[in-house]
$ cat start.txt   # compact mmCIF, C-alpha atoms
# COMPACT_ATOMS: atom_id res chain seq x y z
CA MET A 945 -18.43 -31.60 -18.94
CA ALA A 946 -17.52 -27.91 -19.00
CA LYS A 947 -13.82 -27.18 -19.52
CA ILE A 948 -12.56 -23.75 -18.42
CA ARG A 949 -9.03 -22.43 -18.70
CA ILE A 950 -7.81 -19.73 -16.31
CA THR A 951 -4.66 -17.84 -17.26
CA SER A 952 -3.27 -15.71 -14.46
CA ASN A 953 -0.35 -13.34 -15.03
CA PRO A 954 0.32 -11.45 -11.78
CA TYR A 955 3.25 -9.62 -13.41
CA ASP A 956 0.96 -8.03 -16.02
CA LYS A 957 -1.88 -7.76 -13.47
CA LEU A 958 -4.19 -9.69 -15.77
CA ILE A 959 -6.46 -12.76 -15.54
CA LYS A 960 -7.96 -14.29 -18.68
CA TYR A 961 -10.59 -17.00 -19.16
CA ALA A 962 -11.42 -19.39 -22.00
CA ARG A 963 -14.03 -22.11 -22.55
CA TRP A 964 -13.45 -25.29 -24.54
CA ASN A 965 -15.71 -25.54 -27.60
CA ALA A 966 -16.33 -29.24 -28.23
CA GLU A 967 -17.69 -28.62 -31.72
CA THR A 968 -14.69 -26.68 -33.04
CA GLU A 969 -12.26 -28.34 -30.62
CA GLU A 970 -10.78 -24.96 -29.79
CA TRP A 971 -10.51 -22.72 -26.77
CA GLN A 972 -12.96 -19.81 -27.01
CA THR A 973 -11.99 -16.67 -25.11
CA VAL A 974 -14.52 -15.48 -22.56
CA ASP A 975 -14.89 -11.84 -23.61
CA TYR A 976 -17.52 -9.26 -24.44
CA ASN A 977 -18.09 -10.66 -27.94
CA ASN A 978 -18.55 -14.28 -26.87
CA ASN A 979 -19.96 -13.86 -23.36
CA PRO A 980 -21.21 -10.27 -22.93
CA ASP A 981 -23.12 -11.05 -19.71
CA SER A 982 -20.40 -13.05 -17.98
CA GLN A 983 -19.06 -11.76 -14.66
CA LEU A 984 -15.65 -13.10 -15.70
CA ILE A 985 -15.12 -10.15 -18.03
CA SER A 986 -15.55 -7.59 -15.23
CA ASP A 987 -12.56 -5.54 -14.06
CA ASP A 988 -13.02 -7.06 -10.63
CA LEU A 989 -12.16 -10.55 -11.94
CA THR A 990 -9.70 -9.67 -14.71
CA THR A 991 -7.35 -7.15 -13.08
CA SER A 992 -7.37 -8.30 -9.45
CA PHE A 993 -4.79 -10.32 -7.55
CA PHE A 994 -5.84 -13.93 -8.21
CA PRO A 995 -5.43 -15.31 -4.64
CA PHE A 996 -7.83 -12.63 -3.37
CA LYS A 997 -10.49 -13.55 -5.93
CA ALA A 998 -9.99 -17.31 -6.37
CA ASN A 999 -13.10 -18.29 -4.38
CA LYS A 1000 -15.28 -15.77 -6.18
CA ILE A 1001 -13.91 -16.79 -9.60
CA LEU A 1002 -14.67 -20.44 -8.88
CA ASP A 1003 -18.21 -19.62 -7.75
CA VAL A 1004 -18.83 -17.55 -10.89
CA ILE A 1005 -17.57 -20.38 -13.12
CA ILE A 1006 -19.89 -22.81 -11.37
CA GLU A 1007 -22.84 -20.42 -11.65
CA GLU A 1008 -22.33 -19.69 -15.35
CA PHE A 1009 -20.90 -22.89 -16.83
CA ASN A 1010 -21.77 -25.82 -14.56
CA ASP A 1011 -23.43 -28.69 -16.42
CA GLY A 1012 -22.74 -31.33 -13.82
CA GLN A 1013 -18.95 -31.53 -14.04
CA ILE A 1014 -16.31 -28.80 -14.41
CA ASP A 1015 -12.72 -29.35 -15.45
CA ILE A 1016 -10.46 -26.34 -14.80
CA LEU A 1017 -7.12 -25.96 -16.56
CA PHE A 1018 -4.92 -23.41 -14.81
CA ALA A 1019 -2.00 -21.49 -16.30
CA GLY A 1020 -0.04 -19.37 -13.84
CA THR A 1021 2.40 -19.64 -10.95
CA GLU A 1022 2.83 -22.69 -8.78
CA ASP A 1023 1.69 -20.81 -5.67
CA GLU A 1024 -1.55 -19.74 -7.36
CA PHE A 1025 -2.20 -23.25 -8.68
CA ASN A 1026 -1.66 -24.82 -5.26
CA MET A 1027 -4.08 -22.36 -3.75
CA LEU A 1028 -6.77 -23.07 -6.37
CA ARG A 1029 -6.28 -26.82 -5.99
CA SER A 1030 -6.66 -26.50 -2.22
CA ILE A 1031 -9.96 -24.65 -2.69
CA CYS A 1032 -11.25 -27.26 -5.15
CA GLU A 1033 -10.45 -30.05 -2.67
CA ASN A 1034 -13.00 -28.54 -0.29
CA GLU A 1035 -16.07 -30.76 0.02
CA LYS A 1036 -18.17 -27.93 -1.39
CA TYR A 1037 -16.50 -28.44 -4.79
CA SER A 1038 -14.59 -31.74 -4.77
CA SER A 1039 -17.46 -33.92 -6.06
CA PHE A 1040 -17.84 -32.08 -9.37
CA VAL A 1041 -14.78 -29.81 -9.88
CA THR A 1042 -11.36 -30.99 -10.99
CA VAL A 1043 -8.32 -28.80 -11.55
CA SER A 1044 -5.09 -29.48 -13.43
CA ARG A 1045 -2.09 -27.37 -14.35
CA ASP A 1046 -1.53 -26.15 -17.91
CA SER A 1047 1.80 -26.77 -19.63
CA ASN A 1048 2.21 -22.97 -19.86
CA THR A 1049 3.45 -21.88 -16.43
CA LEU A 1050 5.03 -18.92 -14.70
CA GLU A 1051 7.76 -18.97 -12.07
CA ASN A 1052 7.00 -17.66 -8.60
CA ALA A 1053 8.52 -14.23 -8.08
CA ARG A 1054 10.15 -15.32 -4.83
CA ASP A 1055 11.96 -18.11 -6.67
CA ILE A 1056 13.40 -16.09 -9.56
CA LEU A 1057 13.90 -12.66 -7.99
CA PRO A 1058 17.32 -13.42 -6.43
CA ASP A 1059 18.65 -14.57 -9.81
CA ILE A 1060 17.21 -11.52 -11.57
CA VAL A 1061 18.84 -9.20 -9.04
CA ASP A 1062 22.22 -10.93 -9.50
CA ILE A 1063 22.02 -10.63 -13.29
CA PHE A 1064 20.96 -7.00 -13.02
CA LYS A 1065 23.96 -6.16 -10.82
CA GLU A 1066 26.27 -7.62 -13.46
CA ILE A 1067 24.81 -5.67 -16.39
CA ASP A 1068 24.03 -2.43 -14.53
CA PRO A 1069 27.34 -0.72 -15.54
CA LEU A 1070 26.81 -1.73 -19.18
CA ILE A 1071 23.32 -0.25 -19.20
CA THR A 1072 24.49 3.07 -17.79
CA GLN A 1073 27.41 3.35 -20.22
CA SER A 1074 25.34 2.52 -23.33
CA VAL A 1075 22.76 5.33 -23.14
CA LYS A 1076 23.00 9.06 -23.73
CA ASP A 1077 20.24 10.17 -21.38
CA LYS A 1078 21.79 8.88 -18.17
CA SER A 1079 19.44 10.75 -15.82
CA LYS A 1080 16.38 8.86 -17.03
CA ILE A 1081 18.00 5.43 -17.00
CA GLU A 1082 19.50 6.07 -13.56
CA ALA A 1083 16.04 6.92 -12.25
CA GLU A 1084 14.68 3.64 -13.62
CA ILE A 1085 17.63 1.71 -12.16
CA GLY A 1086 16.95 3.36 -8.81
CA LYS A 1087 13.31 2.32 -8.98
CA PHE A 1088 14.28 -1.29 -9.77
CA SER A 1089 16.72 -1.34 -6.84
CA GLU A 1090 14.04 -0.05 -4.47
CA ALA A 1091 11.42 -2.46 -5.79
CA THR A 1092 13.65 -5.51 -5.37
CA ASN A 1093 14.96 -4.85 -1.88
CA GLU A 1094 13.33 -6.04 1.32
CA SER A 1095 11.51 -2.75 2.01
CA ILE A 1096 7.78 -2.48 1.30
CA PRO A 1097 6.17 0.98 1.13
CA ILE A 1098 2.82 1.32 2.89
CA CYS A 1099 0.83 4.43 1.95
CA VAL A 1100 -1.81 5.58 4.43
CA VAL A 1101 -4.37 7.82 2.75
CA GLY A 1102 -7.71 9.33 3.73
CA ASN A 1103 -9.26 12.42 5.26
CA TYR A 1104 -7.52 14.27 8.08
CA SER A 1105 -10.41 13.61 10.49
CA ALA A 1106 -10.22 9.84 10.04
CA GLY A 1107 -7.36 9.42 12.52
CA LYS A 1108 -4.57 8.49 10.10
CA SER A 1109 -1.85 9.66 12.47
CA SER A 1110 -3.28 7.66 15.38
CA PHE A 1111 -3.55 4.61 13.14
CA ILE A 1112 0.10 4.93 12.06
CA ASN A 1113 1.16 5.46 15.68
CA ALA A 1114 -0.64 2.22 16.54
CA LEU A 1115 1.19 0.40 13.71
CA ILE A 1116 4.56 1.73 14.86
CA GLY A 1117 3.77 1.11 18.52
CA HIS A 1118 4.69 4.65 19.63
CA GLU A 1119 2.90 8.01 19.62
CA ILE A 1120 5.40 9.51 17.19
CA LEU A 1121 3.14 11.58 14.93
CA PRO A 1122 1.19 14.56 16.28
CA SER A 1123 -2.53 13.94 16.00
CA GLY A 1124 -5.59 16.12 16.33
CA ASP A 1125 -8.87 17.18 14.78
CA GLU A 1126 -7.36 19.97 12.66
CA PRO A 1127 -5.33 19.46 9.48
CA LEU A 1128 -1.64 20.15 10.01
CA THR A 1129 0.34 20.89 6.84
CA ALA A 1130 0.40 19.75 3.22
CA ARG A 1131 3.31 17.36 3.47
CA VAL A 1132 4.15 13.70 3.48
CA TYR A 1133 5.85 11.90 6.36
CA LYS A 1134 8.15 9.08 5.27
CA ILE A 1135 8.67 6.85 8.31
CA SER A 1136 11.41 4.23 8.21
CA PRO A 1137 12.44 1.80 10.97
CA SER A 1138 15.58 2.66 12.90
CA HIS A 1139 18.03 -0.19 13.39
CA TYR A 1140 18.61 0.84 17.02
CA GLU A 1141 16.02 0.98 19.79
CA ASP A 1142 17.34 4.26 21.24
CA ARG A 1143 18.21 6.13 18.04
CA GLY A 1144 16.14 8.20 15.65
CA ARG A 1145 16.33 10.99 13.10
CA ILE A 1146 14.19 13.65 11.42
CA LYS A 1147 15.32 15.11 8.10
CA PHE A 1148 13.74 17.92 6.09
CA GLN A 1149 14.57 21.11 4.22
CA TYR A 1150 13.85 24.68 5.21
CA ASN A 1151 14.16 27.24 2.42
CA ASP A 1152 16.36 24.73 0.57
CA HIS A 1153 18.68 24.27 3.57
CA ASN A 1154 19.10 20.73 4.89
CA VAL A 1155 18.07 20.20 8.51
CA ILE A 1156 18.79 16.96 10.36
CA VAL A 1157 17.64 16.39 13.93
CA ARG A 1158 19.44 13.43 15.50
CA PHE A 1159 18.17 11.65 18.61
CA ARG A 1160 20.93 9.71 20.32
CA GLY A 1161 20.69 9.81 24.08
CA ASN A 1162 22.27 12.81 25.75
CA ASN A 1163 23.98 13.74 22.49
CA GLN A 1164 20.89 14.65 20.49
CA GLY A 1165 20.90 17.87 18.52
CA VAL A 1166 20.34 19.67 15.22
CA GLU A 1167 22.70 19.69 12.23
CA SER A 1168 22.18 22.60 9.84
CA ASP A 1169 23.83 25.75 8.55
CA LEU A 1170 20.79 27.64 9.91
CA GLU A 1171 22.30 27.72 13.40
CA ASP A 1172 20.73 30.98 14.59
CA HIS A 1173 17.42 30.53 12.81
CA PRO A 1174 14.31 30.74 15.04
CA LEU A 1175 13.07 27.32 13.88
CA ILE A 1176 16.36 25.64 14.81
CA GLN A 1177 16.33 27.40 18.18
CA LYS A 1178 12.78 26.23 18.89
CA ILE A 1179 13.67 22.63 18.02
CA GLU A 1180 16.71 22.72 20.28
CA GLU A 1181 14.55 24.13 23.08
CA VAL A 1182 11.96 21.33 22.94
CA ILE A 1183 14.47 18.45 22.81
CA ALA A 1184 16.80 19.83 25.49
CA PRO A 1185 14.74 20.13 28.70
CA LEU A 1186 13.88 16.45 29.09
CA ASP A 1187 15.25 15.23 32.43
CA GLU A 1188 15.57 11.71 31.05
CA TYR A 1189 16.14 10.76 27.41
CA ASP A 1190 12.82 9.83 25.80
CA LEU A 1191 13.09 9.21 22.07
CA VAL A 1192 9.33 9.10 21.44
CA LYS A 1193 8.60 12.37 23.22
CA SER A 1194 11.56 14.08 21.56
CA VAL A 1195 10.42 13.10 18.06
CA ASN A 1196 6.80 14.02 18.76
CA ARG A 1197 7.76 17.43 20.19
CA THR A 1198 10.03 18.16 17.24
CA LEU A 1199 7.31 17.40 14.68
CA LYS A 1200 4.84 19.56 16.59
CA THR A 1201 7.37 22.39 16.64
CA ILE A 1202 7.89 22.18 12.87
CA ASN A 1203 4.15 22.21 12.23
CA ASN A 1204 3.45 25.04 14.65
CA PHE A 1205 6.29 27.15 13.29
CA GLU A 1206 4.98 27.03 9.75
CA ASN A 1207 1.48 27.88 10.93
CA GLU A 1208 2.82 30.91 12.83
CA VAL A 1209 5.38 32.23 10.31
CA LEU A 1210 3.97 33.25 6.92
CA GLU A 1211 7.27 33.09 5.03
CA ALA A 1212 8.16 29.67 6.45
CA ASN A 1213 9.02 27.17 3.76
CA VAL A 1214 9.33 23.64 5.13
CA SER A 1215 9.84 20.94 2.49
CA ASP A 1216 6.84 18.88 1.40
CA LEU A 1217 8.61 15.70 2.55
CA ILE A 1218 9.73 15.04 6.13
CA GLU A 1219 11.75 11.86 6.65
CA ILE A 1220 11.58 10.15 10.03
CA GLU A 1221 13.58 7.20 11.37
CA VAL A 1222 12.31 5.62 14.59
CA PRO A 1223 12.26 2.11 16.07
CA PHE A 1224 9.03 0.21 15.36
CA ASN A 1225 7.75 -1.37 18.56
CA SER A 1226 5.26 -3.74 16.95
CA THR A 1227 5.15 -7.53 16.62
CA MET A 1228 4.07 -7.33 12.97
CA TYR A 1229 7.49 -5.93 12.08
CA GLY A 1230 9.39 -8.66 13.90
CA ARG A 1231 8.08 -11.64 11.94
CA GLY A 1232 10.51 -11.47 9.04
CA LYS A 1233 13.37 -9.59 7.49
CA THR A 1234 11.11 -7.18 5.62
CA ASP A 1235 11.26 -3.48 6.47
CA PHE A 1236 8.05 -1.51 6.06
CA ILE A 1237 8.34 2.14 5.10
CA ILE A 1238 5.18 4.03 6.03
CA PHE A 1239 4.02 7.13 4.15
CA ASP A 1240 1.56 9.36 5.97
CA THR A 1241 -0.24 11.58 3.47
CA PRO A 1242 -2.07 14.87 4.13
CA GLY A 1243 -5.84 14.75 4.49
CA SER A 1244 -7.69 14.97 1.20
CA ASN A 1245 -10.55 17.18 2.38
CA SER A 1246 -8.51 20.16 3.55
CA ALA A 1247 -8.12 23.08 1.17
CA SER A 1248 -4.51 23.59 2.30
CA ASN A 1249 -3.60 20.01 1.46
CA ASN A 1250 -4.43 19.87 -2.25
CA LYS A 1251 -0.83 18.94 -3.15
CA HIS A 1252 -0.93 15.53 -1.49
CA VAL A 1253 -0.95 13.41 -4.67
CA ARG A 1254 2.01 15.24 -6.23
CA VAL A 1255 3.94 15.18 -2.96
CA LEU A 1256 3.33 11.46 -2.52
CA LYS A 1257 4.37 10.73 -6.10
CA GLU A 1258 7.62 12.62 -5.65
CA ALA A 1259 8.30 10.93 -2.31
CA MET A 1260 7.86 7.50 -3.93
CA GLU A 1261 9.79 8.39 -7.08
CA ASN A 1262 12.20 5.45 -6.82
CA MET A 1263 9.70 2.98 -5.39
CA SER A 1264 6.99 0.76 -6.80
CA ASN A 1265 4.20 -1.59 -5.70
CA GLY A 1266 3.21 0.50 -2.69
CA LEU A 1267 0.44 -0.97 -0.56
CA PRO A 1268 -2.43 1.53 -0.08
CA ILE A 1269 -4.27 1.62 3.25
CA PHE A 1270 -7.35 3.80 3.04
CA VAL A 1271 -8.40 5.09 6.48
CA SER A 1272 -11.93 6.37 6.92
CA GLU A 1273 -14.56 6.78 9.57
CA PHE A 1274 -17.63 4.59 9.16
CA ASN A 1275 -19.93 7.49 8.27
CA SER A 1276 -17.50 8.71 5.58
CA LEU A 1277 -17.25 5.52 3.53
CA ASP A 1278 -19.75 6.90 1.01
CA SER A 1279 -18.55 10.52 0.85
CA MET A 1280 -17.72 12.20 -2.45
CA ASP A 1281 -14.36 13.62 -1.28
CA ASN A 1282 -13.23 10.11 -0.40
CA GLU A 1283 -14.33 8.90 -3.83
CA LYS A 1284 -12.31 11.73 -5.41
CA LEU A 1285 -9.25 10.71 -3.41
CA TYR A 1286 -9.65 7.10 -4.54
CA LYS A 1287 -9.52 8.15 -8.19
CA GLU A 1288 -6.38 10.21 -7.60
CA ILE A 1289 -4.61 7.44 -5.71
CA ASP A 1290 -5.63 4.83 -8.26
CA SER A 1291 -3.89 6.88 -10.96
CA LEU A 1292 -0.49 6.58 -9.25
CA GLU A 1293 1.73 3.94 -10.82
CA GLU A 1294 3.68 3.71 -7.56
CA LEU A 1295 0.67 2.19 -5.78
CA ASP A 1296 -0.82 -1.24 -6.46
CA SER A 1297 -4.55 -0.88 -5.80
CA ARG A 1298 -5.04 -4.66 -6.07
CA PHE A 1299 -3.81 -4.92 -2.49
CA THR A 1300 -5.73 -2.00 -0.97
CA MET A 1301 -6.91 -2.41 2.59
CA VAL A 1302 -9.82 -0.29 3.82
CA VAL A 1303 -9.48 0.56 7.51
CA VAL A 1304 -12.55 1.88 9.31
CA ASN A 1305 -11.07 3.77 12.24
CA LYS A 1306 -12.74 4.96 15.47
CA SER A 1307 -14.95 1.88 15.37
CA ASP A 1308 -15.46 2.13 19.12
CA LYS A 1309 -17.60 5.22 18.44
CA ALA A 1310 -19.42 3.98 15.32
CA ASN A 1311 -22.38 2.24 17.04
CA LEU A 1312 -21.71 -0.99 15.16
CA PRO A 1313 -24.14 -3.89 15.74
CA LYS A 1314 -23.02 -5.94 18.73
CA ASP A 1315 -23.97 -9.22 17.07
CA GLY A 1316 -22.04 -8.44 13.89
CA PHE A 1317 -23.18 -7.49 10.40
CA THR A 1318 -26.00 -9.25 8.61
CA GLN A 1319 -25.64 -10.09 4.93
CA VAL A 1320 -27.81 -7.06 4.16
CA ASP A 1321 -25.45 -4.86 6.19
CA GLU A 1322 -22.42 -6.25 4.35
CA ASP A 1323 -24.02 -5.65 0.95
CA LYS A 1324 -24.79 -2.04 1.89
CA ILE A 1325 -21.23 -1.42 3.05
CA LEU A 1326 -19.71 -2.96 -0.08
CA ALA A 1327 -21.94 -0.72 -2.23
CA MET A 1328 -20.55 2.48 -0.64
CA ALA A 1329 -18.13 4.64 -2.65
CA ILE A 1330 -14.87 3.58 -1.02
CA PRO A 1331 -15.47 -0.17 -0.56
CA LYS A 1332 -17.09 -0.36 -4.00
CA ASN A 1333 -13.97 1.03 -5.68
CA LEU A 1334 -11.19 -0.14 -3.38
CA TYR A 1335 -12.28 -3.38 -1.71
CA SER A 1336 -9.62 -6.01 -2.40
CA GLY A 1337 -7.38 -6.76 0.56
CA GLY A 1338 -10.24 -6.53 3.05
CA ILE A 1339 -12.15 -4.08 5.25
CA TYR A 1340 -10.92 -3.84 8.82
CA PHE A 1341 -12.72 -2.17 11.72
CA VAL A 1342 -10.26 -0.85 14.29
CA SER A 1343 -9.81 1.65 17.08
CA SER A 1344 -6.31 3.11 16.93
CA VAL A 1345 -6.65 4.89 20.28
CA ILE A 1346 -7.59 1.66 22.05
CA GLY A 1347 -4.79 -0.07 20.12
CA LEU A 1348 -2.25 2.40 21.50
$ encode --input "start.txt" --output "structure tokens"
Amino acid sequence: MAKIRITSNPYDKLIKYARWNAETEEWQTVDYNNNPDSQLISDDLTTSFFPFKANKILDVIIEEFNDGQIDILFAGTEDEFNMLRSICENEKYSSFVTVSRDSNTLENARDILPDIVDIFKEIDPLITQSVKDKSKIEAEIGKFSEATNESIPICVVGNYSAGKSSFINALIGHEILPSGDEPLTARVYKISPSHYEDRGRIKFQYNDHNVIVRFRGNNQGVESDLEDHPLIQKIEEVIAPLDEYDLVKSVNRTLKTINNFENEVLEANVSDLIEIEVPFNSTMYGRGKTDFIIFDTPGSNSASNNKHVRVLKEAMENMSNGLPIFVSEFNSLDSMDNEKLYKEIDSLEELDSRFTMVVVNKSDKANLPKDGFTQVDEDKILAMAIPKNLYSGGIYFVSSVIGL
């Protein structure tokens, strides 16, 4: 019988493996020194999110260590253990694989997080008062607060021609963001859900002056000390002439006006971050109490948009565990500029690449096989630059235009 221990620590983003040595009666770590050819020492199976890789891990263990019977000892969270046990109960494995839980366990995050937040609130004032460099500790406290609330940041990245804006519009359920074949400006849109179906807001800075455009029925308007500025006048012009209040059209027109103004005026200085609040008209956002905050990043393959990584990092300064969605056209999955973008995004601590979803947009124009992919097709796709480096949460073929 082969005995294998799996130790999963999702908090440290690490999975370890060990094999029981009957001669020494000790656990022997599966590593480069002991098992240099094992697939279990690959980054794919040691730094991934265990539930995404559980099936593959089990198959690798069977392939490399099966001698007729395999006994798996699992150390990790209860949720992970229950998932692994469910897989092992499948008839494919049940006759020769058994799984039991190690005495070393971890609590599920969803079970202990409320208590951690309560304790943190109690000691927060003590932490702030006990340090000299308050700015740094306050930034870390802000990040913890953001990371433990019910909002999840979703970061949409990719080339400008991939249809990121159309994809985000489809997620939101409204054509809020301007879209087109030309790159717009080197800035990040931070899109948060409005709590009211008929209310919205756009906030940005122009030459260090705050500008807030409020959309609230017949009372919509611009708040800024730049009252007579041409940009403010243009925004007021495009939101005023609507015969009937239309929040979506008003927001879309305003964003187009901001983009066009900066393209026309050389000395224009619109902030790198534009914050948008609009209602999300999508069933995926109505299934729980979680709010999703969507970040739309500039296209990576435009010379004018080379600040996108820095801008995104600053926009997510007080956030963590962002979910990356990489949008690409089918014929760009193996391009070098996309591979470069992957490396830049992977370097951001604010994003958790273990949960990356690859979205192949404009699939209605990609001439995909009508009968689906063969295994050879799938292997070729997974070997391309983007899927090879980012594949974890899945590859999804969509058409945002048809979705809208």
$ closest_residue --input "start.txt" --among "A:Gly1316, A:Pro1223, A:Gly1102, A:Pro995" --to "Ile1135 of chain A" --atoms "all atoms listed in the file"
A:Pro1223
$ residues_around --input "start.txt" --residues "segment 962-979 of chain A" --least-positions-apart "2" --cutoff "6 Å" --atoms "all atoms listed in the file" --output "PyMOL selection string"
chain A and resi 947-949+981-982+985
$ residues_around --input "start.txt" --residues "segment 1290-1307 of chain A" --least-positions-apart "3" --cutoff "7 Å" --atoms "all atoms listed in the file" --output "VMD selection string"
chain A and resid 992 to 993 1106 to 1107 1260 1263 to 1274 1286 to 1287 1310 1334 to 1344
$ residues_near_point --input "start.txt" --point "(-8.5, -18.8, -15.3)" --cutoff "7 Å" --atoms "only C-alpha atoms" --output "short mmCIF file (atom, residue, chain, number, x, y, z; two decimals) with C-alpha atoms, in the coordinates of the input"
data_model
loop_
_atom_site.label_atom_id
_atom_site.label_comp_id
_atom_site.auth_asym_id
_atom_site.auth_seq_id
_atom_site.Cartn_x
_atom_site.Cartn_y
_atom_site.Cartn_z
CA ARG A 949 -9.03 -22.43 -18.70
CA ILE A 950 -7.81 -19.73 -16.31
CA THR A 951 -4.66 -17.84 -17.26
CA SER A 952 -3.27 -15.71 -14.46
CA ILE A 959 -6.46 -12.76 -15.54
CA LYS A 960 -7.96 -14.29 -18.68
CA TYR A 961 -10.59 -17.00 -19.16
CA PHE A 1018 -4.92 -23.41 -14.81
#
$ closest_residue --input "start.txt" --among "A:Gln1013, A:Ser1047, A:Asn1103, A:Ser1279" --to "Pro1331 of chain A" --atoms "all atoms listed in the file"
A:Ser1279
$ closest_residue --input "start.txt" --among "A:Tyr955, A:Phe1148, A:Phe1236, A:Phe996" --to "Asn1052 of chain A" --atoms "all atoms listed in the file"
A:Tyr955
$ atom_distance --input "start.txt" --atom1 "atom CA of Val1255 of chain A" --atom2 "atom CA of Gln1149 of chain A"
14.1 Å
$ closest_residue --input "start.txt" --among "A:Ile1071, A:Val1061, A:Lys1309, A:Asp1240" --to "Ser1110 of chain A" --atoms "all atoms listed in the file"
A:Asp1240
$ atom_distance --input "start.txt" --atom1 "atom CA of Lys1000 of chain A" --atom2 "atom CA of Lys1036 of chain A"
13.4 Å
$ closest_residue --input "start.txt" --among "A:Ser1044, A:Ser1215, A:Asn1225, A:Thr1201" --to "His1118 of chain A" --atoms "all atoms listed in the file"
A:Asn1225
$ residues_around --input "start.txt" --residues "Asn1151 of chain A" --least-positions-apart "6" --cutoff "12 Å" --atoms "only C-alpha atoms" --output "list in words"
Ser1168, Asp1169, Leu1170, His1173, Leu1175, Glu1206, Glu1211, Ala1212, Asn1213, Val1214, Ser1215 and Asp1216 of chain A
$ atom_distance --input "start.txt" --atom1 "atom CA of Ser1136 of chain A" --atom2 "atom CA of Lys1193 of chain A"
17.3 Å
$ residues_around --input "start.txt" --residues "Ser1123 of chain A" --least-positions-apart "6" --cutoff "10 Å" --atoms "only C-alpha atoms" --output "list in words"
Tyr1104, Ser1105, Gly1107, Lys1108, Ser1109, Ser1110, Phe1111, Asn1113, Asn1196 and Lys1200 of chain A
$ write_last_selection --input "start.txt" --atoms "C-alpha atoms" --output "PDB file, in the frame of the given file"
ATOM      1  CA  TYR A1104      -7.520  14.270   8.080  1.00  0.00           C
ATOM      2  CA  SER A1105     -10.410  13.610  10.490  1.00  0.00           C
ATOM      3  CA  GLY A1107      -7.360   9.420  12.520  1.00  0.00           C
ATOM      4  CA  LYS A1108      -4.570   8.490  10.100  1.00  0.00           C
ATOM      5  CA  SER A1109      -1.850   9.660  12.470  1.00  0.00           C
ATOM      6  CA  SER A1110      -3.280   7.660  15.380  1.00  0.00           C
ATOM      7  CA  PHE A1111      -3.550   4.610  13.140  1.00  0.00           C
ATOM      8  CA  ASN A1113       1.160   5.460  15.680  1.00  0.00           C
ATOM      9  CA  ASN A1196       6.800  14.020  18.760  1.00  0.00           C
ATOM     10  CA  LYS A1200       4.840  19.560  16.590  1.00  0.00           C
TER      11      LYS A1200
END
$ residues_near_point --input "start.txt" --point "(17.7, 21.2, 19.7)" --cutoff "10 Å" --atoms "only C-alpha atoms" --output "PyMOL selection string"
chain A and resi 1157-1159+1164-1167+1175-1185+1194+1198
$ residues_around --input "start.txt" --residues "Glu1051 of chain A" --least-positions-apart "5" --cutoff "12 Å" --atoms "all atoms listed in the file" --output "JSON, numbers by chain"
{"A": [952, 953, 954, 955, 1019, 1020, 1021, 1022, 1023, 1024, 1025, 1056, 1057, 1059]}
$ decode --input "start.txt" --residues "segment 1025-1035 of chain A" --atoms "N, CA and C atoms" --output "PDB file, in the first residue's frame"
ATOM      1  N   PHE A1025     -11.066  18.965   2.408  1.00  0.00           N
ATOM      2  CA  PHE A1025     -11.120  17.532   2.690  1.00  0.00           C
ATOM      3  C   PHE A1025     -12.412  16.920   2.159  1.00  0.00           C
ATOM      4  N   ASN A1026     -13.531  17.583   2.397  1.00  0.00           N
ATOM      5  CA  ASN A1026     -14.814  17.057   1.920  1.00  0.00           C
ATOM      6  C   ASN A1026     -14.836  16.952   0.405  1.00  0.00           C
ATOM      7  N   MET A1027     -14.204  17.903  -0.254  1.00  0.00           N
ATOM      8  CA  MET A1027     -14.156  17.849  -1.711  1.00  0.00           C
ATOM      9  C   MET A1027     -13.316  16.659  -2.181  1.00  0.00           C
ATOM     10  N   LEU A1028     -12.136  16.470  -1.567  1.00  0.00           N
ATOM     11  CA  LEU A1028     -11.270  15.356  -1.941  1.00  0.00           C
ATOM     12  C   LEU A1028     -11.953  14.025  -1.657  1.00  0.00           C
ATOM     13  N   ARG A1029     -12.610  13.913  -0.519  1.00  0.00           N
ATOM     14  CA  ARG A1029     -13.316  12.679  -0.184  1.00  0.00           C
ATOM     15  C   ARG A1029     -14.419  12.381  -1.192  1.00  0.00           C
ATOM     16  N   SER A1030     -15.120  13.428  -1.635  1.00  0.00           N
ATOM     17  CA  SER A1030     -16.176  13.247  -2.628  1.00  0.00           C
ATOM     18  C   SER A1030     -15.600  12.714  -3.940  1.00  0.00           C
ATOM     19  N   ILE A1031     -14.433  13.229  -4.329  1.00  0.00           N
ATOM     20  CA  ILE A1031     -13.793  12.756  -5.561  1.00  0.00           C
ATOM     21  C   ILE A1031     -13.380  11.293  -5.424  1.00  0.00           C
ATOM     22  N   CYS A1032     -12.827  10.939  -4.273  1.00  0.00           N
ATOM     23  CA  CYS A1032     -12.340   9.571  -4.055  1.00  0.00           C
ATOM     24  C   CYS A1032     -13.484   8.562  -3.969  1.00  0.00           C
ATOM     25  N   GLU A1033     -14.697   9.032  -3.673  1.00  0.00           N
ATOM     26  CA  GLU A1033     -15.851   8.136  -3.615  1.00  0.00           C
ATOM     27  C   GLU A1033     -16.385   7.803  -4.996  1.00  0.00           C
ATOM     28  N   ASN A1034     -15.878   8.515  -6.016  1.00  0.00           N
ATOM     29  CA  ASN A1034     -16.260   8.207  -7.393  1.00  0.00           C
ATOM     30  C   ASN A1034     -15.815   6.796  -7.735  1.00  0.00           C
ATOM     31  N   GLU A1035     -16.601   6.081  -8.516  1.00  0.00           N
ATOM     32  CA  GLU A1035     -16.292   4.690  -8.844  1.00  0.00           C
ATOM     33  C   GLU A1035     -14.960   4.529  -9.568  1.00  0.00           C
TER      34      GLU A1035
END
